[in-house]
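**Q** Contents of query.txt (compact mmCIF, C-alpha atoms and all ligand atoms) are below:
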```
# COMPACT_ATOMS: atom_id res chain seq x y z
CA LEU X 1 26.80 -68.38 -46.03
CA PHE X 2 26.07 -71.73 -44.43
CA GLN X 3 29.61 -72.94 -43.74
CA ALA X 4 29.53 -72.15 -40.04
CA VAL X 5 25.99 -73.37 -39.43
CA GLU X 6 25.96 -75.91 -36.65
CA LEU X 7 23.75 -78.97 -36.64
CA ALA X 8 20.87 -78.32 -34.23
CA PRO X 9 19.97 -81.07 -31.78
CA ARG X 10 17.04 -83.24 -32.75
CA ASP X 11 13.69 -82.30 -31.26
CA PRO X 12 13.49 -84.71 -28.30
CA ILE X 13 9.97 -85.94 -29.10
CA LEU X 14 9.97 -85.79 -32.88
CA GLY X 15 13.45 -87.36 -32.79
CA LEU X 16 11.99 -90.24 -30.82
CA ASN X 17 9.36 -90.72 -33.53
CA GLU X 18 12.07 -91.01 -36.19
CA GLN X 19 13.83 -93.63 -34.10
CA PHE X 20 10.54 -95.47 -33.59
CA ASN X 21 9.74 -95.48 -37.32
CA ALA X 22 13.15 -96.97 -38.09
CA ASP X 23 12.69 -99.78 -35.53
CA PRO X 24 11.95 -103.04 -37.42
CA ARG X 25 10.32 -104.86 -34.46
CA SER X 26 6.66 -105.64 -35.15
CA THR X 27 5.82 -105.51 -31.43
CA LYS X 28 7.05 -101.93 -31.01
CA VAL X 29 4.83 -99.38 -29.23
CA ASN X 30 5.25 -95.60 -29.32
CA LEU X 31 4.28 -93.98 -26.03
CA GLY X 32 6.43 -90.94 -26.74
CA VAL X 33 3.99 -88.98 -28.89
CA GLY X 34 1.48 -86.37 -27.77
CA VAL X 35 -1.40 -87.67 -29.83
CA TYR X 36 -4.67 -89.40 -28.94
CA TYR X 37 -5.09 -92.80 -30.59
CA ASP X 38 -8.28 -94.83 -30.48
CA ASP X 39 -8.48 -98.44 -29.34
CA ASN X 40 -7.34 -99.57 -32.80
CA GLY X 41 -4.21 -97.46 -32.53
CA LYS X 42 -5.50 -94.93 -35.09
CA ILE X 43 -5.86 -91.15 -34.87
CA PRO X 44 -9.66 -90.76 -34.95
CA LEU X 45 -11.55 -88.61 -37.41
CA LEU X 46 -14.36 -87.37 -35.16
CA ALA X 47 -17.87 -87.75 -36.55
CA ALA X 48 -18.68 -84.10 -35.72
CA VAL X 49 -15.58 -83.01 -37.62
CA HIS X 50 -16.42 -85.27 -40.55
CA GLN X 51 -19.98 -83.92 -40.81
CA ALA X 52 -18.77 -80.32 -40.73
CA GLU X 53 -16.16 -81.14 -43.34
CA VAL X 54 -18.63 -82.82 -45.69
CA ALA X 55 -20.96 -79.81 -45.39
CA ARG X 56 -18.06 -77.52 -46.21
CA VAL X 57 -17.02 -79.49 -49.27
CA GLN X 58 -20.62 -79.59 -50.53
CA LEU X 59 -20.82 -75.83 -50.24
CA ALA X 60 -17.92 -75.61 -52.70
CA ALA X 61 -17.06 -72.26 -51.18
CA ALA X 62 -14.30 -70.06 -52.53
CA ARG X 63 -11.11 -69.79 -50.47
CA GLY X 64 -10.42 -66.09 -50.18
CA TYR X 65 -8.20 -64.56 -47.52
CA LEU X 66 -9.62 -64.54 -44.01
CA PRO X 67 -9.42 -61.39 -41.92
CA ILE X 68 -6.09 -61.07 -40.07
CA GLU X 69 -7.72 -62.17 -36.81
CA GLY X 70 -9.53 -65.11 -38.46
CA ILE X 71 -13.13 -66.31 -38.60
CA ALA X 72 -15.47 -64.29 -36.35
CA GLY X 73 -17.60 -67.33 -35.36
CA TYR X 74 -14.49 -69.33 -34.58
CA ASN X 75 -13.18 -66.62 -32.31
CA LYS X 76 -16.51 -66.21 -30.55
CA GLY X 77 -16.81 -69.98 -30.06
CA ALA X 78 -13.25 -70.23 -28.75
CA GLN X 79 -13.66 -67.44 -26.20
CA GLU X 80 -16.97 -68.81 -24.95
CA LEU X 81 -15.39 -72.22 -24.52
CA VAL X 82 -12.74 -70.90 -22.13
CA LEU X 83 -14.59 -68.07 -20.38
CA GLY X 84 -18.16 -69.36 -20.54
CA LYS X 85 -21.12 -68.21 -22.63
CA ASN X 86 -22.30 -65.80 -19.92
CA SER X 87 -18.91 -64.31 -19.15
CA PRO X 88 -19.38 -60.71 -17.93
CA LEU X 89 -15.96 -59.91 -19.38
CA ILE X 90 -17.18 -60.87 -22.86
CA GLY X 91 -20.34 -58.85 -22.23
CA ALA X 92 -18.23 -55.82 -21.32
CA GLY X 93 -16.23 -56.01 -24.56
CA ARG X 94 -13.05 -56.82 -22.69
CA VAL X 95 -12.23 -60.07 -24.49
CA LEU X 96 -10.50 -60.42 -27.85
CA THR X 97 -9.84 -63.69 -29.62
CA MET X 98 -7.68 -64.28 -32.65
CA GLN X 99 -7.66 -67.55 -34.61
CA ALA X 100 -4.10 -68.88 -34.43
CA LEU X 101 -1.92 -71.59 -35.95
CA GLY X 102 -2.50 -74.12 -33.19
CA GLY X 103 -1.77 -73.52 -29.54
CA THR X 104 1.85 -72.94 -30.53
CA GLY X 105 0.87 -70.10 -32.84
CA ALA X 106 -1.29 -68.55 -30.12
CA LEU X 107 1.60 -68.65 -27.66
CA LYS X 108 3.94 -67.08 -30.21
CA ILE X 109 1.63 -64.22 -31.13
CA GLY X 110 1.06 -63.58 -27.44
CA ALA X 111 4.80 -63.73 -26.73
CA ASP X 112 5.64 -61.31 -29.55
CA PHE X 113 3.00 -58.87 -28.37
CA ILE X 114 4.13 -59.04 -24.71
CA LYS X 115 7.70 -58.41 -25.88
CA GLN X 116 6.45 -55.12 -27.27
CA LEU X 117 4.73 -54.18 -24.00
CA VAL X 118 7.21 -55.37 -21.37
CA PRO X 119 10.47 -56.13 -23.19
CA ASP X 120 12.43 -56.95 -20.01
CA ALA X 121 9.83 -59.25 -18.46
CA LYS X 122 10.91 -62.64 -17.16
CA VAL X 123 8.81 -65.56 -18.28
CA ALA X 124 8.22 -68.28 -15.68
CA ILE X 125 7.25 -71.80 -16.74
CA SER X 126 6.56 -74.86 -14.61
CA ASP X 127 9.35 -77.30 -13.77
CA PRO X 128 8.92 -79.36 -15.89
CA SER X 129 6.82 -77.98 -18.73
CA TRP X 130 5.91 -78.69 -22.34
CA GLU X 131 9.37 -78.67 -23.89
CA ASN X 132 8.48 -75.97 -26.43
CA HIS X 133 7.47 -73.36 -23.81
CA ARG X 134 11.04 -72.46 -22.93
CA ALA X 135 12.27 -72.48 -26.52
CA LEU X 136 9.34 -70.43 -27.79
CA PHE X 137 9.62 -67.66 -25.20
CA GLU X 138 13.42 -67.58 -25.46
CA ARG X 139 13.16 -67.22 -29.21
CA ALA X 140 10.73 -64.35 -28.66
CA GLY X 141 13.58 -62.70 -26.72
CA PHE X 142 12.68 -63.39 -23.08
CA GLU X 143 14.66 -64.77 -20.19
CA VAL X 144 12.83 -67.92 -19.13
CA VAL X 145 12.92 -69.22 -15.55
CA ASN X 146 11.20 -72.16 -13.82
CA TYR X 147 8.81 -72.21 -10.92
CA PRO X 148 8.65 -75.45 -8.87
CA TYR X 149 5.81 -77.76 -9.88
CA TYR X 150 6.35 -81.51 -9.83
CA ASP X 151 7.31 -83.40 -6.69
CA ALA X 152 9.10 -86.60 -7.73
CA VAL X 153 8.81 -88.09 -4.23
CA THR X 154 5.01 -87.87 -3.98
CA HIS X 155 4.46 -88.08 -7.78
CA GLY X 156 2.23 -85.07 -7.17
CA LEU X 157 2.36 -81.30 -6.97
CA ASN X 158 4.91 -79.27 -5.01
CA PHE X 159 2.26 -76.67 -4.22
CA LYS X 160 4.20 -74.91 -1.49
CA GLY X 161 7.23 -74.57 -3.77
CA MET X 162 5.03 -73.36 -6.59
CA ILE X 163 3.47 -70.60 -4.47
CA GLU X 164 6.86 -69.52 -3.11
CA GLY X 165 8.32 -69.55 -6.62
CA LEU X 166 5.53 -67.35 -7.95
CA ARG X 167 5.81 -64.96 -4.99
CA SER X 168 9.52 -64.49 -5.62
CA LEU X 169 9.08 -63.36 -9.23
CA PRO X 170 9.58 -59.68 -10.10
CA GLN X 171 6.40 -57.72 -10.85
CA LYS X 172 5.17 -57.94 -14.44
CA SER X 173 6.77 -61.33 -14.98
CA VAL X 174 4.78 -63.56 -17.30
CA VAL X 175 3.57 -66.78 -15.67
CA VAL X 176 2.74 -69.60 -18.06
CA LEU X 177 0.20 -71.92 -16.42
CA HIS X 178 -1.21 -75.19 -17.76
CA ALA X 179 -4.93 -74.62 -17.19
CA CYS X 180 -5.66 -78.37 -17.18
CA CYS X 181 -4.06 -81.72 -18.01
CA HIS X 182 -0.46 -80.65 -17.35
CA ASN X 183 2.04 -81.69 -20.00
CA PRO X 184 4.25 -83.63 -19.26
CA THR X 185 3.30 -84.74 -15.74
CA GLY X 186 -0.50 -85.13 -15.80
CA VAL X 187 -0.48 -83.51 -12.33
CA ASP X 188 -3.10 -80.78 -11.96
CA LEU X 189 -4.08 -78.31 -9.24
CA THR X 190 -7.33 -78.58 -7.30
CA VAL X 191 -9.83 -75.74 -7.64
CA ASP X 192 -8.79 -74.43 -4.21
CA GLN X 193 -5.14 -74.48 -5.19
CA TRP X 194 -5.99 -72.62 -8.40
CA ARG X 195 -7.81 -69.99 -6.36
CA GLU X 196 -4.71 -69.44 -4.27
CA VAL X 197 -2.46 -69.29 -7.33
CA ALA X 198 -4.75 -66.74 -8.97
CA GLN X 199 -4.66 -64.60 -5.82
CA VAL X 200 -0.85 -64.73 -5.68
CA VAL X 201 -0.56 -63.88 -9.38
CA LYS X 202 -2.86 -60.91 -8.86
CA ALA X 203 -1.24 -59.70 -5.61
CA SER X 204 2.26 -59.99 -7.12
CA ASN X 205 1.19 -58.10 -10.23
CA LEU X 206 2.23 -60.91 -12.57
CA ILE X 207 0.95 -61.43 -16.13
CA PRO X 208 -0.95 -64.74 -16.39
CA PHE X 209 -0.63 -66.67 -19.64
CA LEU X 210 -2.96 -69.65 -19.36
CA ASP X 211 -2.20 -72.41 -21.80
CA ILE X 212 -5.18 -74.73 -22.39
CA ALA X 213 -4.28 -77.42 -24.90
CA TYR X 214 -6.38 -80.31 -23.54
CA GLN X 215 -9.76 -78.83 -22.64
CA GLY X 216 -12.20 -81.72 -22.35
CA PHE X 217 -9.58 -84.37 -21.58
CA GLY X 218 -9.63 -83.88 -17.79
CA ASP X 219 -13.17 -83.77 -16.42
CA GLY X 220 -15.13 -82.17 -19.28
CA LEU X 221 -15.24 -78.95 -21.30
CA GLU X 222 -16.71 -76.79 -18.53
CA ALA X 223 -14.85 -78.29 -15.56
CA ASP X 224 -11.52 -78.06 -17.39
CA ALA X 225 -11.99 -74.32 -17.87
CA SER X 226 -12.41 -73.66 -14.15
CA ALA X 227 -8.87 -72.33 -13.68
CA VAL X 228 -9.36 -69.79 -16.48
CA ARG X 229 -12.72 -68.76 -14.98
CA LEU X 230 -11.15 -68.25 -11.53
CA PHE X 231 -8.66 -65.82 -13.01
CA ALA X 232 -11.52 -64.12 -14.85
CA ASP X 233 -13.48 -63.83 -11.57
CA LEU X 234 -10.57 -61.90 -10.08
CA ASP X 235 -10.95 -59.44 -12.94
CA MET X 236 -7.40 -59.87 -14.15
CA THR X 237 -6.02 -58.94 -17.53
CA MET X 238 -4.56 -62.10 -19.04
CA PHE X 239 -3.56 -64.13 -22.05
CA ILE X 240 -5.08 -67.51 -22.91
CA SER X 241 -3.76 -69.83 -25.61
CA SER X 242 -6.20 -72.53 -26.71
CA SER X 243 -5.37 -75.52 -28.84
CA PHE X 244 -8.01 -77.60 -30.62
CA SER X 245 -5.44 -80.00 -32.06
CA LYS X 246 -6.29 -82.76 -29.59
CA SER X 247 -9.89 -81.96 -28.71
CA PHE X 248 -10.96 -81.96 -32.38
CA SER X 249 -8.31 -84.49 -33.44
CA LEU X 250 -7.23 -81.96 -36.08
CA TYR X 251 -3.49 -81.91 -35.40
CA GLY X 252 -2.36 -81.03 -38.90
CA GLU X 253 -4.94 -78.30 -39.48
CA ARG X 254 -3.25 -75.99 -36.94
CA VAL X 255 -6.34 -74.88 -35.07
CA GLY X 256 -5.84 -72.73 -32.00
CA ALA X 257 -6.75 -69.33 -30.63
CA LEU X 258 -5.23 -66.51 -28.64
CA THR X 259 -7.63 -64.81 -26.22
CA ILE X 260 -6.69 -61.62 -24.41
CA VAL X 261 -8.68 -60.15 -21.54
CA THR X 262 -8.10 -56.40 -21.37
CA GLY X 263 -9.15 -53.77 -18.84
CA SER X 264 -11.84 -52.08 -20.93
CA GLN X 265 -13.58 -52.01 -24.29
CA ASP X 266 -11.42 -49.10 -25.34
CA GLU X 267 -8.25 -51.02 -24.45
CA SER X 268 -9.60 -53.97 -26.44
CA SER X 269 -9.76 -52.06 -29.70
CA ARG X 270 -6.25 -50.67 -29.28
CA VAL X 271 -4.84 -54.06 -28.29
CA LEU X 272 -6.55 -55.76 -31.23
CA SER X 273 -5.03 -53.25 -33.65
CA GLN X 274 -1.54 -54.05 -32.32
CA VAL X 275 -1.96 -57.82 -32.23
CA LYS X 276 -3.18 -57.69 -35.83
CA ARG X 277 0.14 -56.09 -36.76
CA VAL X 278 1.98 -58.94 -35.06
CA ILE X 279 -0.05 -61.47 -37.06
CA ARG X 280 0.21 -59.54 -40.33
CA THR X 281 4.00 -59.47 -40.16
CA ASN X 282 4.23 -63.17 -39.24
CA TYR X 283 1.87 -64.99 -41.60
CA SER X 284 -0.68 -62.38 -42.68
CA ASN X 285 -3.84 -64.34 -41.89
CA PRO X 286 -4.80 -67.85 -40.80
CA PRO X 287 -5.85 -70.75 -43.08
CA THR X 288 -9.51 -71.43 -43.84
CA HIS X 289 -10.15 -75.16 -43.76
CA GLY X 290 -9.59 -76.30 -40.17
CA GLY X 291 -10.95 -73.03 -38.81
CA THR X 292 -14.18 -73.41 -40.75
CA ILE X 293 -14.69 -76.93 -39.42
CA VAL X 294 -14.10 -75.93 -35.81
CA SER X 295 -16.29 -72.87 -36.19
CA THR X 296 -19.12 -74.95 -37.66
CA VAL X 297 -18.98 -77.45 -34.79
CA LEU X 298 -18.77 -74.76 -32.10
CA ASN X 299 -21.73 -72.84 -33.51
CA ASN X 300 -24.08 -75.68 -34.37
CA PRO X 301 -25.81 -77.06 -31.22
CA GLU X 302 -26.24 -80.57 -32.67
CA LEU X 303 -22.65 -80.87 -33.84
CA PHE X 304 -21.44 -79.36 -30.58
CA ALA X 305 -23.34 -81.98 -28.58
CA LEU X 306 -21.92 -84.73 -30.78
CA TRP X 307 -18.39 -83.37 -30.36
CA ASP X 308 -18.84 -83.12 -26.59
CA LYS X 309 -19.92 -86.77 -26.54
CA GLU X 310 -16.96 -87.86 -28.64
CA LEU X 311 -14.60 -85.94 -26.36
CA ALA X 312 -16.13 -87.75 -23.38
CA GLY X 313 -15.44 -91.02 -25.19
CA MET X 314 -11.76 -90.12 -25.57
CA ARG X 315 -11.55 -89.00 -21.95
CA ASP X 316 -13.18 -92.18 -20.65
CA ARG X 317 -10.94 -94.41 -22.72
CA ILE X 318 -7.84 -92.70 -21.33
CA ARG X 319 -9.18 -93.18 -17.78
CA LEU X 320 -9.77 -96.85 -18.44
CA MET X 321 -6.21 -97.24 -19.71
CA ARG X 322 -4.87 -95.53 -16.57
CA LYS X 323 -6.84 -97.90 -14.38
CA GLN X 324 -5.78 -100.99 -16.27
CA LEU X 325 -2.15 -99.91 -16.34
CA VAL X 326 -2.07 -99.49 -12.56
CA GLU X 327 -3.78 -102.86 -12.05
CA LYS X 328 -1.46 -104.65 -14.44
CA LEU X 329 1.71 -103.10 -13.02
CA THR X 330 0.73 -104.49 -9.63
CA GLN X 331 -0.23 -107.83 -11.20
CA TYR X 332 3.21 -108.04 -12.85
CA GLY X 333 4.98 -107.46 -9.57
CA VAL X 334 5.61 -103.73 -9.11
CA LYS X 335 5.61 -103.30 -5.32
CA GLU X 336 5.35 -99.52 -5.28
CA ASP X 337 1.85 -98.03 -5.14
CA CYS X 338 1.29 -96.72 -8.68
CA SER X 339 -2.18 -95.28 -8.04
CA TYR X 340 -0.79 -91.79 -8.77
CA VAL X 341 -1.15 -92.69 -12.46
CA MET X 342 -4.93 -92.70 -11.92
CA LYS X 343 -4.93 -89.31 -10.24
CA GLN X 344 -3.10 -87.71 -13.15
CA ARG X 345 -5.20 -86.07 -15.84
CA GLY X 346 -5.15 -85.77 -19.60
CA MET X 347 -3.10 -87.65 -22.14
CA PHE X 348 0.16 -87.88 -20.23
CA SER X 349 1.56 -89.59 -17.22
CA PHE X 350 4.84 -89.13 -15.45
CA SER X 351 5.11 -92.87 -14.97
CA GLY X 352 7.86 -92.76 -12.38
CA MET X 353 10.29 -94.55 -14.71
CA THR X 354 13.88 -93.27 -14.65
CA ALA X 355 15.89 -92.47 -17.79
CA PRO X 356 17.84 -95.78 -17.64
CA GLN X 357 14.55 -97.68 -17.23
CA VAL X 358 13.09 -95.88 -20.25
CA GLU X 359 16.20 -96.82 -22.23
CA ARG X 360 15.85 -100.48 -21.22
CA LEU X 361 12.19 -100.38 -22.21
CA ARG X 362 13.22 -99.22 -25.68
CA ALA X 363 16.23 -101.48 -26.16
CA GLU X 364 14.76 -104.70 -24.77
CA HIS X 365 11.06 -104.33 -25.54
CA GLY X 366 10.73 -101.83 -28.40
CA ILE X 367 8.52 -99.60 -26.24
CA TYR X 368 9.31 -95.92 -26.66
CA ALA X 369 8.77 -93.31 -23.94
CA VAL X 370 10.31 -89.90 -23.24
CA SER X 371 13.49 -90.12 -21.13
CA THR X 372 11.80 -88.16 -18.32
CA GLY X 373 9.47 -91.14 -17.88
CA ARG X 374 6.56 -89.40 -19.60
CA ILE X 375 4.24 -91.79 -21.35
CA CYS X 376 1.25 -90.96 -23.52
CA VAL X 377 -1.59 -92.93 -21.92
CA ALA X 378 -3.72 -92.25 -25.01
CA ALA X 379 -1.37 -94.47 -27.03
CA LEU X 380 -2.30 -97.49 -24.89
CA ASN X 381 -5.11 -99.74 -26.08
CA SER X 382 -6.75 -103.06 -25.30
CA LYS X 383 -4.28 -104.86 -27.59
CA ASN X 384 -0.98 -103.42 -26.37
CA ILE X 385 -1.62 -102.66 -22.69
CA ASP X 386 -0.70 -106.08 -21.42
CA THR X 387 2.63 -106.17 -23.27
CA VAL X 388 3.41 -102.61 -22.19
CA ALA X 389 2.53 -103.18 -18.51
CA LYS X 390 4.56 -106.39 -18.39
CA ALA X 391 7.60 -104.70 -19.93
CA MET X 392 7.26 -101.63 -17.71
CA ALA X 393 6.98 -103.83 -14.63
CA GLU X 394 10.10 -105.69 -15.68
CA VAL X 395 12.23 -102.55 -15.99
CA MET X 396 10.67 -100.87 -12.93
CA LYS X 397 11.26 -103.88 -10.65
CA ALA X 398 14.92 -104.40 -11.46
N1 LIG H 401 0.68 -76.19 -25.06
C1 LIG H 401 0.81 -77.41 -24.54
C2 LIG H 401 0.88 -77.57 -23.06
C3 LIG H 401 0.88 -78.53 -25.37
O1 LIG H 401 1.03 -79.74 -24.84
C4 LIG H 401 0.80 -78.34 -26.77
C5 LIG H 401 0.84 -79.48 -27.75
N2 LIG H 401 1.57 -80.55 -27.49
C6 LIG H 401 0.67 -77.05 -27.26
C7 LIG H 401 0.60 -76.00 -26.38
C8 LIG H 401 0.63 -76.76 -28.74
O2 LIG H 401 -0.48 -77.17 -29.37
P1 LIG H 401 -0.60 -77.20 -30.97
O3 LIG H 401 -0.17 -78.55 -31.39
O4 LIG H 401 -2.02 -76.91 -31.19
O5 LIG H 401 0.29 -76.14 -31.49
```
Would you mind writing the file's structure down as structure tokens?
Ligand code: PMP
**A**
Amino acid sequence: LFQAVELAPRDPILGLNEQFNADPRSTKVNLGVGVYYDDNGKIPLLAAVHQAEVARVQLAAARGYLPIEGIAGYNKGAQELVLGKNSPLIGAGRVLTMQALGGTGALKIGADFIKQLVPDAKVAISDPSWENHRALFERAGFEVVNYPYYDAVTHGLNFKGMIEGLRSLPQKSVVVLHACCHNPTGVDLTVDQWREVAQVVKASNLIPFLDIAYQGFGDGLEADASAVRLFADLDMTMFISSSFSKSFSLYGERVGALTIVTGSQDESSRVLSQVKRVIRTNYSNPPTHGGTIVSTVLNNPELFALWDKELAGMRDRIRLMRKQLVEKLTQYGVKEDCSYVMKQRGMFSFSGMTAPQVERLRAEHGIYAVSTGRICVAALNSKNIDTVAKAMAEVMKA
């Protein structure tokens, strides 16, 4: 049975982690991961999460099956987070949310459902994009194409190319958009640019799939949802995948949600019945623990405020690291203006390093980054930033 099975290539990012773990150098630094670390280099356990978890354990509640679509309070909290508490679409019964196994699970349920509706649709992702977008939609049976996004010359957005790319897509193509904190580049659209993109998506009759995996890491929970809200204002039907992995620092609990905006309340009930079949035949129903914690925090005003404050702390620390990195690169002799690193948002930065420079950084300094030059700014801290900046400057100057 397995004789002809070929060895699959290593996942580029998880493969990097394996290589990092095997590196004996005590000065090594891993900037390849997509995880937020605190200033001590640890994944934080947020106080809001901890309090909700303690309360849950004290309840000693039984662990029965959840409904196929998950915890009702979780779903309500998740949809209000992206669309706003006063969303008229929610009021009109046009919004459905299903608890999902992380943002990845939300994307996959959405992809499987879209495959049922428009089997021949093309799926367009940004160039570049989170590396799993292409693989996930291809595995769901779609042809995946790129629309222009990053401009390597300006280290910014190729907005004109993006608009032209979207305009050239056939009707009913799915457009995957990073709603904030673009992974891997850190380059985001302005609100005006988002407005234009939303208008083009609507006029071209495309299907928006907004992926929001870093809400709260850009400018704040509300500001980071502005792209989603602009699409909602244009009254479009759409898919939204949310991930709480980073914002709650609950990576291993697989907390995410799929939200679908339909055309009417009647459509909502039919769509929900179909999406439930997709979930049922994949994993039946979601797990209880992480979902209960997130739901508790989202629905308790005190815990919510605490969480919001902790998120702001993570966001501010990343900003500080961006600022210090730019200052230190200049201090260590990089002539090029690196201030683009400060304009980028979220956990990642397209640092401008080339693949050979990234390789030198690893071989000579034990500092690991993705070969595209992506670094995780959230893995920098007050203890390693000097070493990292010095090493980066050395490989970038040569
Ligand atoms: N979308 C994007 C853009 C991401 O960066 C990630 C996580 N790296 C995900 C989705 C998936 O999130 P999760 O880990 O919650 O599955």
**Q** May I have the residues at most 8 Å from (6.8, -60.8, -27.9) in the file's coordinates, counting only C-alpha atoms, as a PDB file with C-alpha atoms, in the frame of the given file?
**A**
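Okay, result_5.pdb is ready:
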```
ATOM      1  CA  LYS X 108       3.940 -67.080 -30.210  1.00  0.00           C
ATOM      2  CA  ILE X 109       1.630 -64.220 -31.130  1.00  0.00           C
ATOM      3  CA  GLY X 110       1.060 -63.580 -27.440  1.00  0.00           C
ATOM      4  CA  ALA X 111       4.800 -63.730 -26.730  1.00  0.00           C
ATOM      5  CA  ASP X 112       5.640 -61.310 -29.550  1.00  0.00           C
ATOM      6  CA  PHE X 113       3.000 -58.870 -28.370  1.00  0.00           C
ATOM      7  CA  ILE X 114       4.130 -59.040 -24.710  1.00  0.00           C
ATOM      8  CA  LYS X 115       7.700 -58.410 -25.880  1.00  0.00           C
ATOM      9  CA  GLN X 116       6.450 -55.120 -27.270  1.00  0.00           C
ATOM     10  CA  LEU X 117       4.730 -54.180 -24.000  1.00  0.00           C
ATOM     11  CA  PRO X 119      10.470 -56.130 -23.190  1.00  0.00           C
ATOM     12  CA  PHE X 137       9.620 -67.660 -25.200  1.00  0.00           C
ATOM     13  CA  ALA X 140      10.730 -64.350 -28.660  1.00  0.00           C
ATOM     14  CA  GLY X 141      13.580 -62.700 -26.720  1.00  0.00           C
TER      15      GLY X 141
END
```
**Q** Name each residue within 10 Å of ligand LIG 401 (chain H), counting all atoms listed in the file, as a short mmCIF file (atom, residue, chain, number, x, y, z; two decimals) with C-alpha atoms, in the coordinates of the input.
**A**
```
data_model
loop_
_atom_site.label_atom_id
_atom_site.label_comp_id
_atom_site.auth_asym_id
_atom_site.auth_seq_id
_atom_site.Cartn_x
_atom_site.Cartn_y
_atom_site.Cartn_z
CA VAL X 33 3.99 -88.98 -28.89
CA GLY X 34 1.48 -86.37 -27.77
CA VAL X 35 -1.40 -87.67 -29.83
CA ALA X 100 -4.10 -68.88 -34.43
CA LEU X 101 -1.92 -71.59 -35.95
CA GLY X 102 -2.50 -74.12 -33.19
CA GLY X 103 -1.77 -73.52 -29.54
CA THR X 104 1.85 -72.94 -30.53
CA GLY X 105 0.87 -70.10 -32.84
CA ALA X 106 -1.29 -68.55 -30.12
CA LEU X 107 1.60 -68.65 -27.66
CA LYS X 108 3.94 -67.08 -30.21
CA SER X 129 6.82 -77.98 -18.73
CA TRP X 130 5.91 -78.69 -22.34
CA GLU X 131 9.37 -78.67 -23.89
CA ASN X 132 8.48 -75.97 -26.43
CA HIS X 133 7.47 -73.36 -23.81
CA VAL X 176 2.74 -69.60 -18.06
CA LEU X 177 0.20 -71.92 -16.42
CA HIS X 178 -1.21 -75.19 -17.76
CA ALA X 179 -4.93 -74.62 -17.19
CA CYS X 180 -5.66 -78.37 -17.18
CA CYS X 181 -4.06 -81.72 -18.01
CA HIS X 182 -0.46 -80.65 -17.35
CA ASN X 183 2.04 -81.69 -20.00
CA PRO X 184 4.25 -83.63 -19.26
CA LEU X 210 -2.96 -69.65 -19.36
CA ASP X 211 -2.20 -72.41 -21.80
CA ILE X 212 -5.18 -74.73 -22.39
CA ALA X 213 -4.28 -77.42 -24.90
CA TYR X 214 -6.38 -80.31 -23.54
CA SER X 241 -3.76 -69.83 -25.61
CA SER X 242 -6.20 -72.53 -26.71
CA SER X 243 -5.37 -75.52 -28.84
CA PHE X 244 -8.01 -77.60 -30.62
CA SER X 245 -5.44 -80.00 -32.06
CA LYS X 246 -6.29 -82.76 -29.59
CA SER X 247 -9.89 -81.96 -28.71
CA LEU X 250 -7.23 -81.96 -36.08
CA TYR X 251 -3.49 -81.91 -35.40
CA GLY X 252 -2.36 -81.03 -38.90
CA GLU X 253 -4.94 -78.30 -39.48
CA ARG X 254 -3.25 -75.99 -36.94
CA VAL X 255 -6.34 -74.88 -35.07
CA GLY X 256 -5.84 -72.73 -32.00
CA ALA X 257 -6.75 -69.33 -30.63
CA MET X 347 -3.10 -87.65 -22.14
CA PHE X 348 0.16 -87.88 -20.23
#
```
**Q** Go through X:Pro9, X:Pro88, X:Pro170, X:Gly93 and flag the residue nearest Ser269 in chain X, using all atoms listed in the file for the distances.
**A**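 Selected residue with least distance to Ser269 in chain X: X:Gly93.
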**Q** To one decimal place in Å, what is the distance between CA of Ser264 in chain X and CA of Ile90 in chain X?
**A** 10.5 Å
**Q** When distances are computed from only C-alpha atoms, which of X:Val326, X:Val144, X:Ala124, X:Met396 shows the smallest separation from Ser168 in chain X?
**A**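 Ranking X:Val326, X:Val144, X:Ala124, X:Met396 by distance to Ser168 in chain X, first place goes to X:Ala124.
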**Q** Which of these residues is nearest to Gln51 in chain X, using only C-alpha atoms: X:Asn300, X:Tyr147, X:Ser87, X:Met162?
**A**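 Ranked by minimum distance to Gln51 in chain X, first place goes to X:Asn300.
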**Q** What does the distance from CA of Ser339 in chain X to CA of Val187 in chain X come to in Å, to one decimal?
**A**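 According to the coordinates, CA of Ser339 in chain X and CA of Val187 in chain X are separated by 12.6 Å.
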**Q** Find the spatial neighbours of Glu310 in chain X, counting only C-alpha atoms, within a cut-off of 12 Å - ignore same-chain residues fewer than 5 positions away - and output them as a ChimeraX atom specification.
**A** /X:38,44-49,216-217,220-221,246-249,303-305,315-317
**Q** Please measure the separation of CA of Tyr332 in chain X and CA of Asp151 in chain X, giving the value in Å to one decimal.
**A**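 A separation of 25.7 Å between them.
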